[in-house]
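Asker: Data: input36.pdb, PDB, C-alpha atoms.
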MODEL        1
ATOM      1  CA  MET A1263       5.086  11.583  17.658  1.00  0.00           C
ATOM      2  CA  ASN A1264       6.163   8.587  15.594  1.00  0.00           C
ATOM      3  CA  ARG A1265       8.450   9.824  12.814  1.00  0.00           C
ATOM      4  CA  LEU A1266       6.538   7.802  10.218  1.00  0.00           C
ATOM      5  CA  GLN A1267       3.601  10.146  10.708  1.00  0.00           C
ATOM      6  CA  THR A1268       5.669  12.886   9.059  1.00  0.00           C
ATOM      7  CA  LEU A1269       5.725  11.056   5.717  1.00  0.00           C
ATOM      8  CA  THR A1270       3.891  13.074   3.108  1.00  0.00           C
ATOM      9  CA  THR A1271       2.650  12.110  -0.339  1.00  0.00           C
ATOM     10  CA  GLY A1272       3.398  15.592  -1.650  1.00  0.00           C
ATOM     11  CA  HIS A1273       6.292  13.998  -3.537  1.00  0.00           C
ATOM     12  CA  LYS A1274       7.332  10.457  -4.438  1.00  0.00           C
ATOM     13  CA  LEU A1275       8.869   8.778  -1.391  1.00  0.00           C
ATOM     14  CA  ILE A1276      12.154   6.877  -1.442  1.00  0.00           C
ATOM     15  CA  GLY A1277      12.900   4.220   1.154  1.00  0.00           C
ATOM     16  CA  ALA A1278      16.539   3.136   1.277  1.00  0.00           C
ATOM     17  CA  PHE A1279      17.101  -0.472   2.341  1.00  0.00           C
ATOM     18  CA  PHE A1280      20.283  -1.893   3.856  1.00  0.00           C
ATOM     19  CA  THR A1281      21.022  -5.114   5.705  1.00  0.00           C
ATOM     20  CA  ALA A1282      22.235  -4.284   9.210  1.00  0.00           C
ATOM     21  CA  GLY A1283      25.867  -5.282   9.654  1.00  0.00           C
ATOM     22  CA  ASP A1284      26.715  -5.622   5.962  1.00  0.00           C
ATOM     23  CA  PRO A1285      29.653  -5.671   5.703  1.00  0.00           C
ATOM     24  CA  SER A1286      30.133  -4.412   9.277  1.00  0.00           C
ATOM     25  CA  ALA A1287      28.238  -2.424  11.881  1.00  0.00           C
ATOM     26  CA  ALA A1288      30.472   0.607  11.431  1.00  0.00           C
ATOM     27  CA  LEU A1289      30.070   0.701   7.657  1.00  0.00           C
ATOM     28  CA  SER A1290      26.324   0.078   7.947  1.00  0.00           C
ATOM     29  CA  LEU A1291      26.100   3.228  10.030  1.00  0.00           C
ATOM     30  CA  ASP A1292      28.049   5.185   7.403  1.00  0.00           C
ATOM     31  CA  TYR A1293      25.743   3.950   4.639  1.00  0.00           C
ATOM     32  CA  LEU A1294      22.568   4.847   6.541  1.00  0.00           C
ATOM     33  CA  LEU A1295      23.797   8.385   7.110  1.00  0.00           C
ATOM     34  CA  CYS A1296      24.936   8.639   3.494  1.00  0.00           C
ATOM     35  CA  ALA A1297      21.461   7.656   2.268  1.00  0.00           C
ATOM     36  CA  ALA A1298      19.842  10.215   4.554  1.00  0.00           C
ATOM     37  CA  GLU A1299      22.112  12.966   3.249  1.00  0.00           C
ATOM     38  CA  ALA A1300      21.443  11.914  -0.354  1.00  0.00           C
ATOM     39  CA  GLY A1301      17.677  12.399  -0.126  1.00  0.00           C
ATOM     40  CA  ALA A1302      16.067   9.206   1.173  1.00  0.00           C
ATOM     41  CA  ASP A1303      12.734   9.806   2.939  1.00  0.00           C
ATOM     42  CA  LEU A1304      12.999   6.778   5.209  1.00  0.00           C
ATOM     43  CA  ILE A1305      15.372   3.957   6.008  1.00  0.00           C
ATOM     44  CA  GLU A1306      14.439   0.281   6.014  1.00  0.00           C
ATOM     45  CA  LEU A1307      16.998  -1.769   7.919  1.00  0.00           C
ATOM     46  CA  GLY A1308      16.971  -5.518   7.481  1.00  0.00           C
ATOM     47  CA  ILE A1309      17.708  -7.874  10.360  1.00  0.00           C
ATOM     48  CA  PRO A1310      19.979 -10.523   8.809  1.00  0.00           C
ATOM     49  CA  PHE A1311      18.420 -13.968   8.771  1.00  0.00           C
ATOM     50  CA  SER A1312      19.834 -17.350   7.803  1.00  0.00           C
ATOM     51  CA  ASP A1313      16.850 -18.340   5.643  1.00  0.00           C
ATOM     52  CA  PRO A1314      15.667 -15.149   3.887  1.00  0.00           C
ATOM     53  CA  ILE A1315      13.010 -16.723   1.674  1.00  0.00           C
ATOM     54  CA  ALA A1316      11.517 -13.422   0.459  1.00  0.00           C
ATOM     55  CA  GLU A1317      14.779 -11.862  -0.693  1.00  0.00           C
ATOM     56  CA  GLY A1318      16.658 -11.682  -3.957  1.00  0.00           C
ATOM     57  CA  VAL A1319      20.194 -12.938  -4.461  1.00  0.00           C
ATOM     58  CA  GLU A1320      21.859  -9.644  -3.470  1.00  0.00           C
ATOM     59  CA  VAL A1321      20.063  -9.359  -0.124  1.00  0.00           C
ATOM     60  CA  GLN A1322      20.540 -13.059   0.624  1.00  0.00           C
ATOM     61  CA  ALA A1323      24.279 -12.573   0.195  1.00  0.00           C
ATOM     62  CA  ALA A1324      24.169  -9.439   2.366  1.00  0.00           C
ATOM     63  CA  ASP A1325      22.399 -11.374   5.124  1.00  0.00           C
ATOM     64  CA  LEU A1326      25.095 -14.040   5.096  1.00  0.00           C
ATOM     65  CA  ARG A1327      27.879 -11.446   5.152  1.00  0.00           C
ATOM     66  CA  ALA A1328      26.275  -9.678   8.106  1.00  0.00           C
ATOM     67  CA  LEU A1329      25.748 -12.897  10.048  1.00  0.00           C
ATOM     68  CA  SER A1330      29.342 -13.937   9.356  1.00  0.00           C
ATOM     69  CA  ALA A1331      30.479 -10.566  10.699  1.00  0.00           C
ATOM     70  CA  GLY A1332      28.616 -11.280  13.944  1.00  0.00           C
ATOM     71  CA  MET A1333      25.498  -9.131  13.544  1.00  0.00           C
ATOM     72  CA  ARG A1334      22.588 -10.250  15.713  1.00  0.00           C
ATOM     73  CA  VAL A1335      19.261  -8.685  16.736  1.00  0.00           C
ATOM     74  CA  SER A1336      20.806  -6.927  19.731  1.00  0.00           C
ATOM     75  CA  GLY A1337      23.472  -5.521  17.439  1.00  0.00           C
ATOM     76  CA  VAL A1338      20.790  -4.116  15.137  1.00  0.00           C
ATOM     77  CA  PHE A1339      19.312  -2.196  18.046  1.00  0.00           C
ATOM     78  CA  GLU A1340      22.742  -0.852  18.965  1.00  0.00           C
ATOM     79  CA  LEU A1341      23.267   0.211  15.349  1.00  0.00           C
ATOM     80  CA  VAL A1342      19.964   2.118  15.387  1.00  0.00           C
ATOM     81  CA  HIS A1343      20.898   3.682  18.723  1.00  0.00           C
ATOM     82  CA  GLN A1344      24.138   4.977  17.232  1.00  0.00           C
ATOM     83  CA  ALA A1345      22.397   6.172  14.070  1.00  0.00           C
ATOM     84  CA  ARG A1346      19.833   8.116  16.084  1.00  0.00           C
ATOM     85  CA  LYS A1347      22.548  10.420  17.368  1.00  0.00           C
ATOM     86  CA  SER A1348      22.279  12.205  14.027  1.00  0.00           C
ATOM     87  CA  LEU A1349      19.610  10.426  11.943  1.00  0.00           C
ATOM     88  CA  THR A1350      16.203  12.113  12.027  1.00  0.00           C
ATOM     89  CA  LEU A1351      14.497  10.161   9.228  1.00  0.00           C
ATOM     90  CA  PRO A1352      11.842   7.531   9.962  1.00  0.00           C
ATOM     91  CA  LEU A1353      13.428   4.102  10.353  1.00  0.00           C
ATOM     92  CA  VAL A1354      11.686   0.776   9.815  1.00  0.00           C
ATOM     93  CA  VAL A1355      13.178  -2.566  10.787  1.00  0.00           C
ATOM     94  CA  ARG A1356      12.456  -5.384   8.346  1.00  0.00           C
ATOM     95  CA  SER A1357      12.567  -8.862   9.800  1.00  0.00           C
ATOM     96  CA  TYR A1358      11.297 -12.384   9.605  1.00  0.00           C
ATOM     97  CA  LEU A1359       9.100 -13.679  12.382  1.00  0.00           C
ATOM     98  CA  ASN A1360      11.596 -16.181  13.768  1.00  0.00           C
ATOM     99  CA  PRO A1361      14.167 -13.603  15.003  1.00  0.00           C
ATOM    100  CA  ILE A1362      11.393 -11.624  16.703  1.00  0.00           C
ATOM    101  CA  LEU A1363       9.985 -14.643  18.513  1.00  0.00           C
ATOM    102  CA  SER A1364      13.447 -15.925  19.425  1.00  0.00           C
ATOM    103  CA  TYR A1365      14.324 -12.548  20.919  1.00  0.00           C
ATOM    104  CA  GLY A1366      10.927 -12.352  22.616  1.00  0.00           C
ATOM    105  CA  ALA A1367       8.217 -10.247  21.004  1.00  0.00           C
ATOM    106  CA  GLU A1368       7.662  -7.984  24.001  1.00  0.00           C
ATOM    107  CA  ALA A1369      11.375  -7.355  24.493  1.00  0.00           C
ATOM    108  CA  PHE A1370      11.796  -6.825  20.755  1.00  0.00           C
ATOM    109  CA  PHE A1371       9.226  -4.039  20.532  1.00  0.00           C
ATOM    110  CA  LYS A1372      10.378  -2.418  23.753  1.00  0.00           C
ATOM    111  CA  ASP A1373      13.929  -2.320  22.419  1.00  0.00           C
ATOM    112  CA  CYS A1374      12.616  -0.911  19.138  1.00  0.00           C
ATOM    113  CA  GLN A1375      11.019   1.905  21.122  1.00  0.00           C
ATOM    114  CA  ARG A1376      14.120   2.412  23.260  1.00  0.00           C
ATOM    115  CA  CYS A1377      16.599   2.787  20.393  1.00  0.00           C
ATOM    116  CA  GLY A1378      14.412   4.777  17.982  1.00  0.00           C
ATOM    117  CA  VAL A1379      12.816   2.307  15.564  1.00  0.00           C
ATOM    118  CA  ASP A1380       9.561   3.737  14.199  1.00  0.00           C
ATOM    119  CA  GLY A1381       8.089   0.680  12.514  1.00  0.00           C
ATOM    120  CA  VAL A1382       8.484  -3.051  11.927  1.00  0.00           C
ATOM    121  CA  ARG A1383       7.704  -4.973   8.741  1.00  0.00           C
ATOM    122  CA  VAL A1384       7.652  -8.769   9.036  1.00  0.00           C
ATOM    123  CA  CYS A1385       8.252 -10.410   5.657  1.00  0.00           C
ATOM    124  CA  ASP A1386       6.822 -13.858   6.332  1.00  0.00           C
ATOM    125  CA  MET A1387       3.934 -13.066   8.705  1.00  0.00           C
ATOM    126  CA  PRO A1388       0.472 -13.333   7.107  1.00  0.00           C
ATOM    127  CA  PHE A1389      -1.731 -10.358   7.929  1.00  0.00           C
ATOM    128  CA  GLU A1390      -4.272 -12.650   9.568  1.00  0.00           C
ATOM    129  CA  GLU A1391      -1.641 -13.860  12.069  1.00  0.00           C
ATOM    130  CA  ARG A1392      -0.433 -10.454  13.296  1.00  0.00           C
ATOM    131  CA  GLU A1393      -2.555 -10.401  16.468  1.00  0.00           C
ATOM    132  CA  PRO A1394       0.185 -11.651  18.857  1.00  0.00           C
ATOM    133  CA  LEU A1395       2.317  -8.627  17.921  1.00  0.00           C
ATOM    134  CA  LEU A1396      -0.372  -5.948  17.936  1.00  0.00           C
ATOM    135  CA  ARG A1397      -0.491  -5.595  21.718  1.00  0.00           C
ATOM    136  CA  PHE A1398       3.192  -4.732  21.804  1.00  0.00           C
ATOM    137  CA  THR A1399       2.868  -2.199  19.000  1.00  0.00           C
ATOM    138  CA  GLN A1400       0.069  -0.494  20.889  1.00  0.00           C
ATOM    139  CA  GLU A1401       2.096  -0.436  24.103  1.00  0.00           C
ATOM    140  CA  THR A1402       5.231   0.963  22.481  1.00  0.00           C
ATOM    141  CA  GLY A1403       3.867   3.130  19.671  1.00  0.00           C
ATOM    142  CA  VAL A1404       6.006   1.265  17.134  1.00  0.00           C
ATOM    143  CA  GLU A1405       4.041   0.846  13.905  1.00  0.00           C
ATOM    144  CA  LEU A1406       3.430  -2.618  12.452  1.00  0.00           C
ATOM    145  CA  ILE A1407       3.706  -2.187   8.690  1.00  0.00           C
ATOM    146  CA  SER A1408       1.712  -4.565   6.504  1.00  0.00           C
ATOM    147  CA  SER A1409       2.479  -5.849   3.018  1.00  0.00           C
ATOM    148  CA  ALA A1410      -0.091  -6.613   0.315  1.00  0.00           C
ATOM    149  CA  ALA A1411       0.255  -8.562  -2.908  1.00  0.00           C
ATOM    150  CA  PRO A1412      -2.230  -9.140  -5.752  1.00  0.00           C
ATOM    151  CA  SER A1413      -5.085 -11.172  -4.266  1.00  0.00           C
ATOM    152  CA  SER A1414      -8.789 -10.841  -3.650  1.00  0.00           C
ATOM    153  CA  PRO A1415     -10.201  -7.306  -3.273  1.00  0.00           C
ATOM    154  CA  GLN A1416     -11.596  -8.230   0.140  1.00  0.00           C
ATOM    155  CA  ARG A1417      -8.229  -9.280   1.519  1.00  0.00           C
ATOM    156  CA  ILE A1418      -6.397  -6.240   0.130  1.00  0.00           C
ATOM    157  CA  ALA A1419      -9.033  -4.012   1.732  1.00  0.00           C
ATOM    158  CA  ARG A1420      -8.510  -5.651   5.149  1.00  0.00           C
ATOM    159  CA  ILE A1421      -4.749  -5.329   4.901  1.00  0.00           C
ATOM    160  CA  ALA A1422      -4.925  -1.702   3.782  1.00  0.00           C
ATOM    161  CA  GLN A1423      -7.221  -0.797   6.661  1.00  0.00           C
ATOM    162  CA  GLY A1424      -5.047  -2.542   9.247  1.00  0.00           C
ATOM    163  CA  SER A1425      -1.574  -1.369   8.285  1.00  0.00           C
ATOM    164  CA  GLY A1426       0.369   1.171  10.285  1.00  0.00           C
ATOM    165  CA  ALA A1427       1.881   4.348   8.761  1.00  0.00           C
ATOM    166  CA  PHE A1428       2.195   3.038   5.186  1.00  0.00           C
ATOM    167  CA  LEU A1429       1.409  -0.038   3.125  1.00  0.00           C
ATOM    168  CA  ALA A1430       4.080  -1.991   1.262  1.00  0.00           C
ATOM    169  CA  LEU A1431       2.859  -3.366  -2.075  1.00  0.00           C
ATOM    170  CA  CYS A1432       4.554  -6.516  -3.336  1.00  0.00           C
ATOM    171  CA  CYS A1433       4.318  -8.442  -6.591  1.00  0.00           C
ATOM    172  CA  ALA A1434       6.452 -10.478  -8.951  1.00  0.00           C
ATOM    173  CA  GLY A1435       6.892 -10.213 -12.676  1.00  0.00           C
ATOM    174  CA  SER A1436       8.809  -8.587 -15.495  1.00  0.00           C
ATOM    175  CA  LEU A1437       9.284  -4.895 -16.194  1.00  0.00           C
ATOM    176  CA  GLN A1438       6.226  -5.201 -18.420  1.00  0.00           C
ATOM    177  CA  SER A1439       3.928  -7.153 -16.081  1.00  0.00           C
ATOM    178  CA  ALA A1440       4.918  -6.040 -12.561  1.00  0.00           C
ATOM    179  CA  PRO A1441       3.869  -2.371 -12.926  1.00  0.00           C
ATOM    180  CA  LYS A1442       0.427  -3.449 -14.145  1.00  0.00           C
ATOM    181  CA  LYS A1443      -0.054  -5.806 -11.194  1.00  0.00           C
ATOM    182  CA  LEU A1444       1.154  -3.087  -8.857  1.00  0.00           C
ATOM    183  CA  GLU A1445      -1.241  -0.551 -10.355  1.00  0.00           C
ATOM    184  CA  GLU A1446      -4.202  -2.894  -9.868  1.00  0.00           C
ATOM    185  CA  THR A1447      -3.254  -3.625  -6.250  1.00  0.00           C
ATOM    186  CA  ALA A1448      -2.729   0.067  -5.517  1.00  0.00           C
ATOM    187  CA  ALA A1449      -6.132   0.943  -6.988  1.00  0.00           C
ATOM    188  CA  LEU A1450      -7.827  -1.578  -4.708  1.00  0.00           C
ATOM    189  CA  ALA A1451      -5.916  -0.363  -1.651  1.00  0.00           C
ATOM    190  CA  ARG A1452      -6.763   3.275  -2.339  1.00  0.00           C
ATOM    191  CA  GLN A1453     -10.450   2.452  -2.038  1.00  0.00           C
ATOM    192  CA  THR A1454     -10.039   1.821   1.686  1.00  0.00           C
ATOM    193  CA  THR A1455      -6.962   3.739   2.887  1.00  0.00           C
ATOM    194  CA  GLN A1456      -5.266   7.097   2.600  1.00  0.00           C
ATOM    195  CA  LEU A1457      -1.949   5.721   3.829  1.00  0.00           C
ATOM    196  CA  PRO A1458       1.073   6.133   1.544  1.00  0.00           C
ATOM    197  CA  LEU A1459       1.450   3.131  -0.759  1.00  0.00           C
ATOM    198  CA  LEU A1460       5.062   2.148  -1.369  1.00  0.00           C
ATOM    199  CA  ALA A1461       6.211  -0.337  -3.985  1.00  0.00           C
ATOM    200  CA  ALA A1462       8.149  -3.095  -2.236  1.00  0.00           C
ATOM    201  CA  VAL A1463       9.275  -4.792  -5.437  1.00  0.00           C
ATOM    202  CA  ASP A1464      12.948  -5.519  -6.038  1.00  0.00           C
ATOM    203  CA  ALA A1465      14.077  -2.906  -8.572  1.00  0.00           C
ATOM    204  CA  PRO A1466      17.496  -3.807 -10.035  1.00  0.00           C
ATOM    205  CA  ASP A1467      17.965  -0.415 -11.698  1.00  0.00           C
ATOM    206  CA  ILE A1468      16.593   3.119 -11.775  1.00  0.00           C
ATOM    207  CA  GLN A1469      14.393   2.389 -14.807  1.00  0.00           C
ATOM    208  CA  TRP A1470      12.564  -0.284 -12.832  1.00  0.00           C
ATOM    209  CA  ALA A1471      12.212   1.996  -9.831  1.00  0.00           C
ATOM    210  CA  LEU A1472      10.675   4.760 -11.927  1.00  0.00           C
ATOM    211  CA  ARG A1473       8.147   2.425 -13.525  1.00  0.00           C
ATOM    212  CA  LEU A1474       7.123   0.999 -10.163  1.00  0.00           C
ATOM    213  CA  ALA A1475       6.722   4.433  -8.610  1.00  0.00           C
ATOM    214  CA  GLN A1476       4.257   5.619 -11.263  1.00  0.00           C
ATOM    215  CA  SER A1477       1.193   4.030  -9.664  1.00  0.00           C
ATOM    216  CA  THR A1478       2.324   4.319  -6.024  1.00  0.00           C
ATOM    217  CA  ASP A1479       3.433   7.036  -3.622  1.00  0.00           C
ATOM    218  CA  GLY A1480       7.032   5.890  -3.820  1.00  0.00           C
ATOM    219  CA  ILE A1481       9.324   2.910  -3.613  1.00  0.00           C
ATOM    220  CA  LEU A1482      11.257   0.896  -1.063  1.00  0.00           C
ATOM    221  CA  LEU A1483      14.611   0.223  -2.684  1.00  0.00           C
ATOM    222  CA  ASP A1484      16.079  -3.190  -2.057  1.00  0.00           C
ATOM    223  CA  SER A1485      18.976  -4.758  -3.917  1.00  0.00           C
ATOM    224  CA  LEU A1486      19.545  -1.561  -5.930  1.00  0.00           C
ATOM    225  CA  LEU A1487      21.501  -0.090  -3.023  1.00  0.00           C
ATOM    226  CA  VAL A1488      22.754  -3.330  -1.479  1.00  0.00           C
ATOM    227  CA  SER A1489      24.404  -4.216  -4.794  1.00  0.00           C
ATOM    228  CA  GLN A1490      26.491  -1.042  -4.599  1.00  0.00           C
ATOM    229  CA  LEU A1491      28.344  -2.144  -1.466  1.00  0.00           C
ATOM    230  CA  THR A1492      31.851  -3.143  -2.467  1.00  0.00           C
ATOM    231  CA  ALA A1493      35.166  -3.612  -0.720  1.00  0.00           C
ATOM    232  CA  ASP A1494      35.757   0.130  -1.165  1.00  0.00           C
ATOM    233  CA  PRO A1495      33.591   2.062   1.339  1.00  0.00           C
ATOM    234  CA  ALA A1496      34.243   5.416  -0.334  1.00  0.00           C
ATOM    235  CA  ALA A1497      33.146   4.075  -3.723  1.00  0.00           C
ATOM    236  CA  SER A1498      30.105   2.442  -2.111  1.00  0.00           C
ATOM    237  CA  LYS A1499      28.983   5.722  -0.562  1.00  0.00           C
ATOM    238  CA  GLU A1500      29.555   7.538  -3.835  1.00  0.00           C
ATOM    239  CA  SER A1501      27.343   5.008  -5.647  1.00  0.00           C
ATOM    240  CA  ILE A1502      24.603   5.224  -2.987  1.00  0.00           C
ATOM    241  CA  SER A1503      24.606   8.998  -3.213  1.00  0.00           C
ATOM    242  CA  ARG A1504      24.590   9.016  -7.022  1.00  0.00           C
ATOM    243  CA  ILE A1505      21.664   6.580  -7.278  1.00  0.00           C
ATOM    244  CA  LEU A1506      19.541   8.414  -4.738  1.00  0.00           C
ATOM    245  CA  HIS A1507      20.233  11.844  -6.238  1.00  0.00           C
ATOM    246  CA  THR A1508      19.496  10.545  -9.745  1.00  0.00           C
ATOM    247  CA  LEU A1509      16.318   8.808  -8.642  1.00  0.00           C
ATOM    248  CA  ARG A1510      15.114  11.833  -6.669  1.00  0.00           C
ATOM    249  CA  GLU A1511      15.583  14.095  -9.682  1.00  0.00           C
ATOM    250  CA  ALA A1512      13.870  11.643 -12.026  1.00  0.00           C
ATOM    251  CA  LEU A1513      10.918  11.122  -9.679  1.00  0.00           C
ATOM    252  CA  GLN A1514      10.143  14.832  -9.796  1.00  0.00           C
ATOM    253  CA  ASN A1515       8.822  14.211 -13.320  1.00  0.00           C
ATOM    254  CA  VAL A1516       6.754  11.123 -12.398  1.00  0.00           C
ATOM    255  CA  CYS A1517       3.084  11.849 -11.695  1.00  0.00           C
TER     256      CYS A1517
ENDMDL
END
Can the structure from this file be put into structure tokens for me?

Answerer:
Amino acid sequence: MNRLQTLTTGHKLIGAFFTAGDPSAALSLDYLLCAAEAGADLIELGIPFSDPIAEGVEVQAADLRALSAGMRVSGVFELVHQARKSLTLPLVVRSYLNPILSYGAEAFFKDCQRCGVDGVRVCDMPFEEREPLLRFTQETGVELISSAAPSSPQRIARIAQGSGAFLALCCAGSLQSAPKKLEETAALARQTTQLPLLAAVDAPDIQWALRLAQSTDGILLDSLLVSQLTADPAASKESISRILHTLREALQNVC
């Protein structure tokens, strides 16, 4: 069974995001395992890309560090393979379409299956253009995760019905406006799906994360964890653990 099918909405879900290979493959592995031990429900691992148009400043910098350190798509799969020796959490790879097509879509999804990737989320692929990848997801059992942003009710309904495992909800705005937009999008999505709805909005601090999780089933952390990675690996792991423990405790009081 795909590990993503074990996700439950009995509590608020926390997805921990890291860029693969930032600052090195070995330290990436340490950080993934640290996040798992600290209470993350799933891992989202970014494939570093030279033109990350959907990312904030922190993740853009992480992508460049990882690329400079030599991380490539094949290296991401090797990293997942190593992580799977002890990691039991669901793991989603986040990518742009170009690396997938350059690698070869069929080979990409087969290698996802081989190394233990449970799902793929493609940042810059419109929902209406996902058909070329669907055949490979069906052949491999790797879920294709969709993202939805505030738009027409009809389009949100189609995206919600067609997503695999969970639906990532995106929007832009301030701490005052973003939660309202997210709440409206979540309400529309809930009309047509029972999948977990996870806020995929860059939360720079725990206060943001808590606000965004109020109207969803949880949150995919982004730069909040990436920003904790310093030249001191021990301090980085301590910060990752502290944030996840603090957020987990705080989310217990969020309805």

Asker: Work out how far CA of Leu1431 (chain A) is from CA of Ala1512 (chain A), in Å to one decimal.

Answerer: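 Between CA of Ala1512 (chain A) and CA of Leu1431 (chain A) the gap is 21.1 Å.
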
Asker: Can you tell me which residues surround region 1395-1412 of chain A at a distance of at most 8 Å, considering only C-alpha atoms, apart from same-chain residues fewer than 4 positions away, and format the answer as a PyMOL selection string?

Answerer: chain A and resi 1264+1367-1368+1371-1372+1374-1375+1379-1385+1389+1418+1421-1422+1424-1433+1443-1444+1446-1447

Asker: Counting only C-alpha atoms, note down every residue that has an atom within 9 Å of the point (14.0, 3.3, -9.4) (file coordinates), as a list of chain:residue names.

Answerer: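 These residues have at least one counted atom within 9 Å: A:Ile1276, A:Ala1465, A:Pro1466, A:Asp1467, A:Ile1468, A:Gln1469, A:Trp1470, A:Ala1471, A:Leu1472, A:Arg1473, A:Leu1474, A:Ala1475, A:Ile1481, A:Leu1483, A:Leu1486, A:Ile1505, A:Leu1506, A:Leu1509, A:Ala1512, A:Leu1513.
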
Asker: Evaluated on this file, the PyMOL selection byres ((chain A and resi 1291-1295) around 10) picks out some residues - which ones are they, written as a compact mmCIF listing (two decimals) with C-alpha atoms, keeping the file's coordinate frame?

Answerer:
# COMPACT_ATOMS: atom_id res chain seq x y z
CA ALA A 1278 16.54 3.14 1.28
CA PHE A 1279 17.10 -0.47 2.34
CA PHE A 1280 20.28 -1.89 3.86
CA ALA A 1282 22.24 -4.28 9.21
CA GLY A 1283 25.87 -5.28 9.65
CA ASP A 1284 26.72 -5.62 5.96
CA SER A 1286 30.13 -4.41 9.28
CA ALA A 1287 28.24 -2.42 11.88
CA ALA A 1288 30.47 0.61 11.43
CA LEU A 1289 30.07 0.70 7.66
CA SER A 1290 26.32 0.08 7.95
CA CYS A 1296 24.94 8.64 3.49
CA ALA A 1297 21.46 7.66 2.27
CA ALA A 1298 19.84 10.22 4.55
CA GLU A 1299 22.11 12.97 3.25
CA ALA A 1300 21.44 11.91 -0.35
CA ALA A 1302 16.07 9.21 1.17
CA LEU A 1304 13.00 6.78 5.21
CA ILE A 1305 15.37 3.96 6.01
CA GLU A 1306 14.44 0.28 6.01
CA LEU A 1307 17.00 -1.77 7.92
CA LEU A 1341 23.27 0.21 15.35
CA VAL A 1342 19.96 2.12 15.39
CA GLN A 1344 24.14 4.98 17.23
CA ALA A 1345 22.40 6.17 14.07
CA ARG A 1346 19.83 8.12 16.08
CA SER A 1348 22.28 12.20 14.03
CA LEU A 1349 19.61 10.43 11.94
CA THR A 1350 16.20 12.11 12.03
CA LEU A 1351 14.50 10.16 9.23
CA LEU A 1353 13.43 4.10 10.35
CA LEU A 1487 21.50 -0.09 -3.02
CA VAL A 1488 22.75 -3.33 -1.48
CA LEU A 1491 28.34 -2.14 -1.47
CA PRO A 1495 33.59 2.06 1.34
CA ALA A 1496 34.24 5.42 -0.33
CA SER A 1498 30.10 2.44 -2.11
CA LYS A 1499 28.98 5.72 -0.56
CA GLU A 1500 29.56 7.54 -3.84
CA ILE A 1502 24.60 5.22 -2.99
CA SER A 1503 24.61 9.00 -3.21

Asker: Counting all atoms listed in the file, which residues of region 1347-1392 of chain A fall within 8 Å of region 1309-1315 of chain A, and what is the closest atom pair for each with its distance in Å at one decimal, ordered by chain and rising number, as a tab-separated table?

Answerer:
residue	atom	partner	partner_atom	distance
A:Val1355	CA	A:Ile1309	CA	7.0
A:Arg1356	CA	A:Ile1309	CA	6.2
A:Ser1357	CA	A:Ile1309	CA	5.3
A:Tyr1358	CA	A:Phe1311	CA	7.3
A:Pro1361	CA	A:Phe1311	CA	7.6

Asker: To one decimal place in Å, what is the distance between CA of Leu1482 (chain A) and CA of Ser1336 (chain A)?

Answerer: 24.2 Å

Asker: Please identify all polymer residues within 10 Å of Asn1515 (chain A), counting all atoms listed in the file, omitting same-chain residues fewer than 5 positions from it, and present them as a VMD selection string.

Answerer: chain A and resid 1274 1472 1476 1510

Asker: Using only C-alpha atoms, find the one residue out of A:Ala1451, A:His1507, A:Asp1303, A:Pro1285 that sits nearest to Thr1268 (chain A).

Answerer: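 Result for the nearest residue to Thr1268 (chain A): A:Asp1303.
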
Asker: Of the candidates A:Val1338, A:Leu1457, A:Leu1450, A:Ala1434, which one gets nearest to Ser1414 (chain A) if we count all atoms listed in the file?

Answerer: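 Between A:Val1338, A:Leu1457, A:Leu1450, A:Ala1434, the residue approaching Ser1414 (chain A) most closely is A:Leu1450.
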
Asker: Can you measure CA of Ser1439 (chain A) to CA of Ala1462 (chain A) for me? One decimal in Å is fine.

Answerer: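 Between CA of Ser1439 (chain A) and CA of Ala1462 (chain A) the gap is 15.0 Å.
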
Asker: Run through the PyMOL selection byres ((chain A and resi 1319) around 12) on the given coordinates and return the selected residues as a ChimeraX atom specification.

Answerer: /A:1313-1318,1320-1326,1464,1466,1484-1486,1488-1489

Asker: How would you write, as a PDB file with C-alpha atoms, in the coordinates of the input, the residues chosen by the PyMOL selection byres ((chain A and resi 1390) around 10) on this structure?

Answerer:
ATOM      1  CA  MET A1387       3.934 -13.066   8.705  1.00  0.00           C
ATOM      2  CA  PRO A1388       0.472 -13.333   7.107  1.00  0.00           C
ATOM      3  CA  PHE A1389      -1.731 -10.358   7.929  1.00  0.00           C
ATOM      4  CA  GLU A1391      -1.641 -13.860  12.069  1.00  0.00           C
ATOM      5  CA  ARG A1392      -0.433 -10.454  13.296  1.00  0.00           C
ATOM      6  CA  GLU A1393      -2.555 -10.401  16.468  1.00  0.00           C
ATOM      7  CA  ARG A1417      -8.229  -9.280   1.519  1.00  0.00           C
ATOM      8  CA  ARG A1420      -8.510  -5.651   5.149  1.00  0.00           C
ATOM      9  CA  ILE A1421      -4.749  -5.329   4.901  1.00  0.00           C
TER      10      ILE A1421
END

Asker: When distances are computed from all atoms listed in the file, which of A:Pro1394, A:Pro1441, A:Gly1272, A:Pro1458 shows the smallest separation from Gln1423 (chain A)?

Answerer: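 When distances to Gln1423 (chain A) are compared using all atoms listed in the file, the smallest one comes from A:Pro1458.
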
Asker: From the set A:Ala1497, A:Ala1461, A:Val1354, A:Leu1329, which residue has the shortest atom-to-atom contact distance to Arg1265 (chain A), counting all atoms listed in the file?

Answerer: A:Val1354

Asker: Box for region 1274-1278 of chain A - axis-aligned, 5 Å on each of the six sides, all listed atoms - centre and size in Å to one decimal, as lines of an AutoDock Vina configuration file.

Answerer:
center_x = 11.9
center_y = 6.8
center_z = -1.6
size_x = 19.2
size_y = 17.3
size_z = 15.7
